[in-house]
Structures are given as C-alpha cells and as structure tokens.
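Enquirer: One file: work.tsv (TSV, C-alpha atoms).
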chain	number	residue	atom	x	y	z
A	1	MET	CA	1.76	40.14	-35.42
A	2	ARG	CA	0.88	38.07	-32.37
A	3	ARG	CA	-0.21	34.52	-33.03
A	4	PRO	CA	-3.57	33.51	-31.57
A	5	ARG	CA	-3.38	31.29	-28.53
A	6	PHE	CA	-5.68	28.32	-28.24
A	7	THR	CA	-6.74	26.86	-24.93
A	8	ALA	CA	-7.34	23.16	-24.44
A	9	ALA	CA	-11.08	23.82	-24.43
A	10	SER	CA	-10.95	25.74	-27.72
A	11	LEU	CA	-8.85	23.02	-29.34
A	12	ALA	CA	-11.34	20.40	-28.17
A	13	LEU	CA	-14.20	22.47	-29.63
A	14	LEU	CA	-12.37	22.75	-32.96
A	15	ALA	CA	-11.90	18.99	-33.00
A	16	VAL	CA	-15.61	18.44	-32.36
A	17	LEU	CA	-16.57	20.88	-35.11
A	18	ALA	CA	-14.16	19.25	-37.55
A	19	SER	CA	-15.57	15.83	-36.71
A	20	ALA	CA	-19.13	17.05	-37.21
A	21	ALA	CA	-18.23	18.64	-40.55
A	22	ALA	CA	-16.58	15.42	-41.72
A	23	ALA	CA	-19.62	13.38	-40.70
A	24	GLN	CA	-22.03	15.72	-42.54
A	25	SER	CA	-20.09	15.35	-45.80
A	26	TYR	CA	-19.53	11.61	-45.35
A	27	PRO	CA	-19.19	9.73	-47.56
A	28	SER	CA	-17.76	11.99	-50.24
A	29	LYS	CA	-16.48	9.15	-52.44
A	30	PRO	CA	-16.80	5.36	-52.78
A	31	VAL	CA	-16.24	3.32	-49.63
A	32	ARG	CA	-14.15	0.16	-49.76
A	33	ILE	CA	-14.33	-2.89	-47.52
A	34	ILE	CA	-10.97	-4.64	-47.49
A	35	VAL	CA	-11.29	-8.42	-47.22
A	36	MET	CA	-8.12	-10.12	-46.04
A	37	TYR	CA	-9.01	-13.45	-47.67
A	38	GLY	CA	-9.82	-14.51	-51.22
A	39	PRO	CA	-13.17	-14.59	-53.04
A	40	GLY	CA	-15.58	-17.19	-51.69
A	41	SER	CA	-14.28	-17.11	-48.12
A	42	THR	CA	-16.83	-16.60	-45.34
A	43	ILE	CA	-15.65	-13.03	-44.72
A	44	ASP	CA	-15.76	-12.27	-48.45
A	45	ILE	CA	-19.35	-13.54	-48.69
A	46	MET	CA	-20.34	-11.46	-45.66
A	47	ALA	CA	-18.77	-8.33	-47.10
A	48	ARG	CA	-20.54	-8.82	-50.43
A	49	LEU	CA	-23.88	-9.29	-48.68
A	50	ILE	CA	-23.45	-6.11	-46.65
A	51	ALA	CA	-21.94	-3.90	-49.39
A	52	PRO	CA	-25.12	-3.35	-51.48
A	53	LYS	CA	-27.11	-2.51	-48.33
A	54	LEU	CA	-24.49	0.02	-47.24
A	55	THR	CA	-24.46	1.45	-50.78
A	56	GLU	CA	-28.19	2.15	-50.49
A	57	ALA	CA	-27.80	3.67	-47.02
A	58	LEU	CA	-24.74	5.84	-47.67
A	59	GLY	CA	-25.50	7.00	-51.21
A	60	GLN	CA	-22.03	6.08	-52.46
A	61	PRO	CA	-20.75	2.79	-53.95
A	62	VAL	CA	-19.39	0.37	-51.36
A	63	ILE	CA	-16.77	-1.82	-53.01
A	64	VAL	CA	-15.29	-5.09	-51.72
A	65	GLU	CA	-11.54	-5.31	-52.28
A	66	ASN	CA	-9.78	-8.65	-51.71
A	67	ARG	CA	-6.25	-8.33	-50.33
A	68	ALA	CA	-5.32	-11.86	-49.33
A	69	GLY	CA	-2.03	-13.13	-48.00
A	70	ALA	CA	0.02	-13.80	-44.86
A	71	GLY	CA	-2.94	-15.26	-42.97
A	72	GLY	CA	-4.91	-12.05	-43.35
A	73	ALA	CA	-2.10	-9.74	-42.20
A	74	ILE	CA	-1.72	-7.98	-45.56
A	75	GLY	CA	-5.34	-6.87	-45.73
A	76	MET	CA	-5.53	-5.96	-42.05
A	77	ASP	CA	-2.35	-3.89	-42.30
A	78	MET	CA	-3.74	-2.02	-45.32
A	79	ALA	CA	-6.91	-1.23	-43.40
A	80	ALA	CA	-4.97	-0.11	-40.32
A	81	LYS	CA	-2.84	2.31	-42.36
A	82	ALA	CA	-5.65	3.72	-44.52
A	83	PRO	CA	-6.76	7.36	-44.04
A	84	PRO	CA	-9.12	7.42	-41.02
A	85	ASP	CA	-12.00	9.07	-42.84
A	86	GLY	CA	-14.54	6.25	-42.97
A	87	HIS	CA	-13.87	5.46	-46.62
A	88	THR	CA	-11.87	2.32	-45.81
A	89	LEU	CA	-13.35	-0.42	-43.65
A	90	THR	CA	-12.63	-4.07	-43.05
A	91	ILE	CA	-14.28	-7.06	-41.41
A	92	GLY	CA	-12.29	-8.22	-38.44
A	93	ALA	CA	-12.54	-11.78	-37.19
A	94	THR	CA	-11.11	-14.03	-34.49
A	95	GLY	CA	-8.24	-15.29	-36.62
A	96	PRO	CA	-6.83	-12.19	-38.33
A	97	SER	CA	-7.67	-9.87	-35.42
A	98	VAL	CA	-6.57	-11.97	-32.44
A	99	THR	CA	-5.03	-15.41	-32.82
A	100	ASN	CA	-2.83	-14.72	-35.84
A	101	PRO	CA	-1.16	-11.65	-34.28
A	102	LEU	CA	-0.59	-13.69	-31.11
A	103	LEU	CA	1.06	-16.45	-33.11
A	104	TYR	CA	3.09	-14.09	-35.31
A	105	PRO	CA	4.75	-11.45	-33.04
A	106	LYS	CA	6.08	-9.53	-36.06
A	107	THR	CA	2.58	-8.80	-37.41
A	108	PRO	CA	2.80	-5.22	-38.80
A	109	PHE	CA	-0.33	-3.95	-37.03
A	110	ASP	CA	-1.58	-3.93	-33.45
A	111	PRO	CA	-5.23	-5.05	-33.19
A	112	LEU	CA	-5.67	-3.40	-29.80
A	113	ARG	CA	-4.21	-0.06	-30.87
A	114	ASP	CA	-4.80	0.43	-34.60
A	115	PHE	CA	-8.54	-0.17	-35.05
A	116	ALA	CA	-11.90	1.27	-34.05
A	117	TYR	CA	-14.34	-1.58	-33.47
A	118	ILE	CA	-17.75	-0.50	-34.80
A	119	SER	CA	-20.02	-3.51	-34.23
A	120	LEU	CA	-20.17	-7.24	-34.46
A	121	ILE	CA	-22.01	-8.52	-37.52
A	122	ALA	CA	-22.12	-12.24	-36.69
A	123	THR	CA	-20.82	-15.06	-34.57
A	124	GLY	CA	-20.40	-18.69	-35.50
A	125	PRO	CA	-19.56	-21.83	-33.53
A	126	ALA	CA	-17.59	-24.90	-34.44
A	127	VAL	CA	-18.92	-28.42	-34.08
A	128	ILE	CA	-17.17	-31.51	-32.78
A	129	ALA	CA	-17.44	-34.30	-35.34
A	130	VAL	CA	-16.22	-37.89	-35.02
A	131	HIS	CA	-15.95	-40.88	-37.34
A	132	PRO	CA	-18.89	-43.31	-36.94
A	133	SER	CA	-16.49	-46.03	-35.73
A	134	ILE	CA	-15.69	-44.02	-32.58
A	135	PRO	CA	-17.73	-45.62	-29.75
A	136	ALA	CA	-19.07	-42.35	-28.35
A	137	LYS	CA	-22.66	-41.19	-28.41
A	138	THR	CA	-22.02	-38.09	-26.27
A	139	LEU	CA	-19.17	-35.72	-25.59
A	140	LYS	CA	-18.68	-37.27	-22.15
A	141	ASP	CA	-18.31	-40.65	-23.84
A	142	LEU	CA	-15.59	-39.17	-26.06
A	143	VAL	CA	-13.74	-37.67	-23.09
A	144	ALA	CA	-13.91	-40.99	-21.23
A	145	LEU	CA	-12.58	-42.78	-24.31
A	146	ALA	CA	-9.73	-40.29	-24.70
A	147	LYS	CA	-8.75	-40.73	-21.06
A	148	ALA	CA	-8.82	-44.51	-21.44
A	149	ARG	CA	-6.64	-44.30	-24.57
A	150	PRO	CA	-4.21	-41.40	-23.96
A	151	GLY	CA	-2.38	-40.39	-27.12
A	152	GLN	CA	-4.33	-42.84	-29.30
A	153	LEU	CA	-7.11	-40.55	-30.55
A	154	ASN	CA	-6.28	-37.67	-32.88
A	155	PHE	CA	-8.01	-34.60	-34.24
A	156	GLY	CA	-7.55	-32.81	-37.53
A	157	SER	CA	-7.61	-29.09	-38.22
A	158	ALA	CA	-7.11	-26.64	-41.09
A	159	GLY	CA	-3.54	-26.02	-39.87
A	160	VAL	CA	-1.41	-24.95	-36.92
A	161	GLY	CA	-2.88	-21.94	-35.15
A	162	THR	CA	-6.20	-21.97	-37.01
A	163	SER	CA	-9.46	-21.64	-35.10
A	164	PRO	CA	-10.24	-25.41	-35.38
A	165	HIS	CA	-6.77	-26.16	-33.98
A	166	LEU	CA	-7.28	-23.79	-31.06
A	167	ALA	CA	-10.74	-25.26	-30.43
A	168	GLY	CA	-9.09	-28.65	-30.07
A	169	GLU	CA	-6.39	-27.31	-27.77
A	170	ILE	CA	-8.80	-25.59	-25.39
A	171	PHE	CA	-10.89	-28.78	-25.37
A	172	LYS	CA	-7.81	-30.79	-24.38
A	173	GLN	CA	-6.91	-28.33	-21.62
A	174	VAL	CA	-10.41	-28.25	-20.12
A	175	THR	CA	-11.03	-32.01	-20.33
A	176	HIS	CA	-7.45	-32.98	-19.34
A	177	THR	CA	-7.17	-35.37	-22.24
A	178	SER	CA	-4.26	-36.26	-24.50
A	179	ILE	CA	-5.45	-36.09	-28.11
A	180	VAL	CA	-2.89	-35.77	-30.91
A	181	HIS	CA	-3.21	-32.81	-33.29
A	182	VAL	CA	-2.90	-33.54	-37.02
A	183	PRO	CA	-2.63	-30.32	-39.08
A	184	TYR	CA	-3.79	-30.18	-42.69
A	185	LYS	CA	-3.47	-27.56	-45.41
A	186	GLY	CA	-7.19	-26.85	-45.16
A	187	ASN	CA	-10.45	-27.86	-43.57
A	188	ALA	CA	-11.58	-29.93	-46.57
A	189	GLU	CA	-8.55	-32.20	-46.32
A	190	ALA	CA	-9.19	-32.81	-42.61
A	191	ILE	CA	-12.82	-33.73	-43.24
A	192	THR	CA	-11.80	-36.06	-46.07
A	193	ASP	CA	-9.49	-37.97	-43.74
A	194	LEU	CA	-12.17	-38.06	-41.05
A	195	LEU	CA	-14.51	-39.70	-43.55
A	196	GLY	CA	-11.78	-42.20	-44.40
A	197	GLY	CA	-11.12	-43.01	-40.76
A	198	GLN	CA	-7.51	-41.76	-40.82
A	199	ILE	CA	-8.34	-39.35	-37.98
A	200	SER	CA	-10.86	-39.65	-35.15
A	201	ILE	CA	-12.14	-36.13	-34.53
A	202	VAL	CA	-12.52	-32.81	-36.33
A	203	PHE	CA	-13.38	-29.39	-34.96
A	204	THR	CA	-14.97	-27.59	-37.90
A	205	GLY	CA	-17.50	-25.04	-39.06
A	206	VAL	CA	-21.14	-25.98	-39.53
A	207	PRO	CA	-21.98	-25.87	-43.29
A	208	PRO	CA	-19.60	-28.62	-44.54
A	209	VAL	CA	-20.74	-31.24	-42.03
A	210	ILE	CA	-24.55	-31.05	-42.04
A	211	PRO	CA	-25.02	-33.15	-45.22
A	212	LEU	CA	-22.38	-35.62	-43.97
A	213	MET	CA	-24.22	-35.99	-40.67
A	214	GLN	CA	-27.53	-36.46	-42.45
A	215	ALA	CA	-25.96	-39.17	-44.61
A	216	GLY	CA	-24.64	-40.97	-41.52
A	217	LYS	CA	-21.02	-40.52	-42.58
A	218	ILE	CA	-20.03	-38.67	-39.40
A	219	LYS	CA	-21.42	-38.13	-35.90
A	220	LEU	CA	-21.78	-34.70	-34.32
A	221	LEU	CA	-21.41	-34.62	-30.54
A	222	ALA	CA	-21.66	-30.92	-29.62
A	223	THR	CA	-21.35	-27.34	-30.77
A	224	THR	CA	-18.70	-25.13	-29.21
A	225	GLY	CA	-21.01	-22.10	-29.22
A	226	ASP	CA	-23.02	-20.69	-26.33
A	227	ARG	CA	-26.37	-21.65	-27.86
A	228	ARG	CA	-27.76	-24.42	-30.02
A	229	ILE	CA	-27.58	-24.18	-33.81
A	230	PRO	CA	-31.01	-23.54	-35.41
A	231	THR	CA	-30.28	-25.97	-38.27
A	232	ILE	CA	-29.23	-28.74	-35.82
A	233	PRO	CA	-31.42	-28.03	-32.77
A	234	GLU	CA	-30.85	-31.49	-31.27
A	235	LEU	CA	-27.10	-30.89	-30.96
A	236	PRO	CA	-26.15	-29.83	-27.40
A	237	THR	CA	-23.78	-27.00	-26.66
A	238	ILE	CA	-20.42	-27.87	-25.15
A	239	ALA	CA	-21.61	-26.31	-21.87
A	240	GLU	CA	-24.74	-28.47	-21.86
A	241	ALA	CA	-22.48	-31.46	-22.48
A	242	GLY	CA	-20.60	-30.62	-19.27
A	243	TYR	CA	-17.59	-28.58	-20.41
A	244	PRO	CA	-18.44	-24.84	-20.35
A	245	GLY	CA	-14.78	-23.84	-20.16
A	246	ALA	CA	-14.17	-25.23	-23.66
A	247	ALA	CA	-16.77	-23.01	-25.30
A	248	MET	CA	-15.54	-20.94	-28.21
A	249	GLY	CA	-16.91	-19.22	-31.26
A	250	ILE	CA	-15.67	-17.25	-34.22
A	251	TRP	CA	-16.80	-13.62	-34.37
A	252	TYR	CA	-16.93	-11.21	-37.29
A	253	GLY	CA	-17.33	-7.45	-37.07
A	254	LEU	CA	-17.08	-4.15	-38.92
A	255	VAL	CA	-13.82	-2.30	-38.21
A	256	ALA	CA	-12.24	1.02	-39.23
A	257	PRO	CA	-8.87	2.76	-38.70
A	258	VAL	CA	-8.59	3.94	-35.11
A	259	ALA	CA	-8.69	7.72	-35.68
A	260	THR	CA	-11.90	7.67	-37.74
A	261	PRO	CA	-14.20	10.49	-36.45
A	262	LYS	CA	-16.70	9.32	-33.87
A	263	ASP	CA	-19.68	10.74	-35.76
A	264	ILE	CA	-18.77	8.64	-38.80
A	265	LEU	CA	-18.33	5.56	-36.63
A	266	ALA	CA	-21.74	6.24	-35.06
A	267	ARG	CA	-23.40	6.46	-38.46
A	268	LEU	CA	-21.79	3.22	-39.62
A	269	HIS	CA	-22.88	1.56	-36.38
A	270	LYS	CA	-26.46	2.71	-36.93
A	271	GLU	CA	-26.52	1.41	-40.52
A	272	ILE	CA	-24.89	-1.97	-39.82
A	273	THR	CA	-27.24	-2.55	-36.88
A	274	ARG	CA	-30.21	-1.91	-39.15
A	275	ILE	CA	-28.83	-4.06	-41.98
A	276	GLN	CA	-28.29	-7.06	-39.71
A	277	THR	CA	-32.01	-7.08	-38.84
A	278	LEU	CA	-33.11	-7.42	-42.49
A	279	PRO	CA	-34.75	-10.82	-43.15
A	280	ASP	CA	-32.79	-11.56	-46.33
A	281	ILE	CA	-29.48	-10.77	-44.63
A	282	ARG	CA	-30.35	-12.87	-41.59
A	283	GLU	CA	-31.32	-15.81	-43.77
A	284	ARG	CA	-28.07	-15.74	-45.75
A	285	PHE	CA	-25.94	-15.41	-42.61
A	286	VAL	CA	-27.70	-18.42	-41.05
A	287	GLN	CA	-26.96	-20.38	-44.22
A	288	LEU	CA	-23.29	-19.57	-43.64
A	289	GLY	CA	-23.53	-21.29	-40.26
A	290	THR	CA	-23.43	-17.99	-38.38
A	291	GLU	CA	-25.83	-15.95	-36.28
A	292	PRO	CA	-26.33	-12.27	-37.21
A	293	LYS	CA	-25.41	-10.23	-34.16
A	294	THR	CA	-24.56	-6.63	-33.33
A	295	ASN	CA	-23.30	-4.83	-30.23
A	296	THR	CA	-21.97	-1.46	-29.14
A	297	SER	CA	-18.49	-0.24	-29.98
A	298	GLU	CA	-17.55	-0.48	-26.31
A	299	GLN	CA	-18.79	-4.07	-26.08
A	300	PHE	CA	-16.97	-5.02	-29.29
A	301	THR	CA	-13.72	-3.48	-28.06
A	302	ALA	CA	-14.04	-5.30	-24.73
A	303	LEU	CA	-14.67	-8.57	-26.60
A	304	VAL	CA	-11.44	-8.19	-28.59
A	305	ARG	CA	-9.45	-7.51	-25.41
A	306	ASP	CA	-11.03	-10.51	-23.64
A	307	GLU	CA	-10.31	-12.74	-26.64
A	308	TRP	CA	-6.71	-11.53	-26.72
A	309	ALA	CA	-6.24	-12.56	-23.09
A	310	LYS	CA	-8.09	-15.87	-23.48
A	311	TRP	CA	-6.29	-17.13	-26.58
A	312	GLY	CA	-2.93	-15.85	-25.39
A	313	LYS	CA	-3.23	-18.20	-22.41
A	314	VAL	CA	-4.35	-21.14	-24.58
A	315	ILE	CA	-1.50	-20.66	-27.06
A	316	LYS	CA	1.06	-20.36	-24.26
A	317	ALA	CA	-0.27	-23.40	-22.36
A	318	ALA	CA	-0.30	-25.53	-25.52
A	319	ASN	CA	3.14	-24.20	-26.55
A	320	ILE	CA	1.86	-23.62	-30.09
A	321	LYS	CA	4.61	-22.59	-32.49
A	322	VAL	CA	4.26	-21.65	-36.14
A	323	GLU	CA	6.99	-21.89	-38.72
Re-express the file's structure as structure tokens.

Expert:
Amino acid sequence: MRRPRFTAASLALLAVLASAAAAQSYPSKPVRIIVMYGPGSTIDIMARLIAPKLTEALGQPVIVENRAGAGGAIGMDMAAKAPPDGHTLTIGATGPSVTNPLLYPKTPFDPLRDFAYISLIATGPAVIAVHPSIPAKTLKDLVALAKARPGQLNFGSAGVGTSPHLAGEIFKQVTHTSIVHVPYKGNAEAITDLLGGQISIVFTGVPPVIPLMQAGKIKLLATTGDRRIPTIPELPTIAEAGYPGAAMGIWYGLVAPVATPKDILARLHKEITRIQTLPDIRERFVQLGTEPKTNTSEQFTALVRDEWAKWGKVIKAANIKVE
C-alpha cells in the first residue's frame, strides 16, 4: 500500500486545523499559574488577583502554584518545560525573565526562546529615597553632592543583581558618579539601615516608603518610571529631573510555553486585557505600587528583547558578578 504524501501546504492546513480544535476544547482541565516566588510576593499577589477572574472567563479552575527557589529559575524552568497546551502559565517579570538569566549563564531555560509572551499585566517603577540628613532637595542636588564626594555616598539594595541594585548601577553610569553599593539580604534590611543613617540612598519599590516619607523619616527625590506615580503626584520622574537615560521600571506579564497554539494564546490575551480594565483589579494593582497595563504579544516580545540588550550592557559595564 502506498503511503499518502503530504505537501507543505497540506501540512500547514493540518496544523491550523489542529490548533483550532485545541482552542475550541480549551481549557479541558484546570489551568495553573506557576509563581516562581513564595506566597505574599508581588507576583504571587498578582497571580491570586487574576486567577479568580480567569476562572470565571475560562470555565475551569485557575490555580496558583508556588515554586520558589534559585532566584525564580525553578518556577520559570517548570513553566518552560510544561506541555504547551495553555494549561500551564506563569507571570514573567524583569528579574526572573531577563536580569537573572543574564547574571547566571547556566540558567536552565532561555527566556528569548522558550516562552510565548501573551501580554503585559503591569509595570512598576522604583523610587530614589535618601536619609533626611543628606543635603539634597532634588535629584540634581544629589548628583552634585555625589560628584563632590566621590566614593563617600552609598546606596543599599536587596542584593547583588536585584532590580534595585541595577537601578543604582544605571544611575551611576548615566550621572557619572561614584556611589558605593551595599548589598543586603532583602529590601527591608536596606530600608532599615537607611532609616538609621548607615546608608545614604536606597532604590526601592513604592509601597514600603510612602508611610516613611509621610512621617518625614526619608526624602523621596524621583521615580525611575516614565510617568509620575498617582499616589505621589508631586514626585518628578527621573527624566523630568534631568536624567532620562537612567529611567527603569519593573514589568510583569502573562507567559506560556513557546509552542502553545496561537488560538489559545489569542484567547488568553483577550481575557487578560479585559481583566486588567476591571476597576477592582486596577485598584488593587495600584495599591501594589504598579500600573495595570497590557500590550500585544509582538510588543511584549519586543520589550523582552530590548530589556535583554539594555541590562546586558549595564551588567557588563558595571562588571556585576554573582557568587
């Protein structure tokens, strides 16, 4: 018996039909969102806010599964290697999706090759906070002070290679200042030492510092984002302060294994875009110090590639090494 021969066109048609059939039956079982950090982390909170809304939209339970460890690499690797059928998702972010793989060359997944980027869900800036004893009312004052006292000012971060550390490094490169990095085991420890005057500057997320600013225990000089923060509208952006090249933000987005059928990705994109417009979701994301935001898959993919190039240069220029 002769075997049937398939042309390239017929094979492509079969692939399209298979994808359509998969999308029509999707989801056929519970969907899980792998979170690469522990309960209570920003990404965990985001996932648990989105999961009930996706459950309503998809008609199947959407379960959050925490798989912490190795700076997020364990959870990201699990998501990358999961069956590409739309039943396993994760929330990518600047650290686990870009900077950590750049810092750890042996990371077991490739962010540019192993994932389909569905849509952003939020972005969030850092803020530049200083101890009240620092004689700087503006960011330009701080830069002038750092240039007058090279190597005498220092900044704390949540650890080597973390987003606050990289925010400080790009700030140093753009402003041509010499500020000493002091790594801590976490952000809370850095803020504690800022309050005590042991360090001069901290690059940090928004929620922990608002009550400290209101109490006069720290001064905020700028946000590293591209727009002002609604809860601190008087705080200028780093571009408005005169240093647009030092702008940075942390992004978060919905991600799936790379071979997930396009029709399933399109449905997930449609649902997450709708969910991020809901007033209760927007309110909770703002409380996290982030701005709900969505984009197309193509825009999200381009963002990841741009971030890879940007932070690769910063890490190389700063000669950042991790143990």

Enquirer: Calculate how many Å separate atom CA of Ile191 of chain A from atom CA of Ile238 of chain A, rounding to one decimal.

Expert: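 Straight-line distance from atom CA of Ile191 of chain A to atom CA of Ile238 of chain A works out to 20.5 Å.
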
Enquirer: Can you tell me how far atom CA of Val35 of chain A sits from atom CA of Glu65 of chain A, in Å to one decimal?

Expert: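 Value for the atom CA of Val35 of chain A-atom CA of Glu65 of chain A distance: 5.9 Å.
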
Enquirer: Ranking A:Gly40, A:Pro61, A:Pro257, A:Gly289 by minimum distance to Pro84 of chain A and counting all atoms listed in the file, which one comes first?

Expert: A:Pro257

Enquirer: For Thr290 of chain A, which residue among A:Gly124, A:Gly159, A:Pro183, A:Pro261 is the nearest when counting all atoms listed in the file?

Expert: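 Once distances to Thr290 of chain A are computed over all atoms listed in the file, the minimum belongs to A:Gly124.
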
Enquirer: Using all atoms listed in the file, which residue out of A:Thr162, A:Gln287, A:Ser297, A:Thr224 lies closest to Thr99 of chain A?

Expert: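 Using all atoms listed in the file, Thr99 of chain A sits closest to A:Thr162.
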
Enquirer: A:Ile275, A:Ala222, A:Ile33, A:Val206: which is nearest Val130 of chain A, counting only C-alpha atoms?

Expert: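 Among the listed residues, the smallest separation from Val130 of chain A belongs to A:Ala222.
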
Enquirer: Please provide as JSON, numbers by chain all residues within 12 Å of Arg32 of chain A, with the sequence filter that same-chain residues fewer than 2 positions apart are discarded (counting all atoms listed in the file).

Expert: {"A": [27, 29, 30, 34, 35, 47, 48, 50, 51, 52, 54, 55, 60, 61, 62, 63, 64, 65, 66, 67, 75, 78, 79, 82, 83, 85, 86, 87, 88, 89, 90, 91, 255, 256]}

Enquirer: Applying 10 Å and all atoms listed in the file, which residues near segment 193-198 of chain A remain after dropping the ones on its own chain fewer than 2 positions away? List them as JSON, numbers by chain.

Expert: {"A": [129, 130, 131, 132, 133, 134, 154, 155, 156, 184, 188, 189, 190, 191, 200, 201, 202, 212, 217, 218]}

Enquirer: With segment 92-97 of chain A as the partner and 9 Å as the cut-off, tabulate the residues of segment 266-316 of chain A that qualify, each row holding the nearest pair of atoms and their distance in Å to one decimal, using all atoms listed in the file, sorted by chain and rising number, as a tab-separated table.

Expert:
residue	atom	partner	partner_atom	distance
A:Val304	CA	A:Ser97	CA	8.0
A:Glu307	CA	A:Thr94	CA	8.0
A:Trp308	CA	A:Ser97	CA	8.9
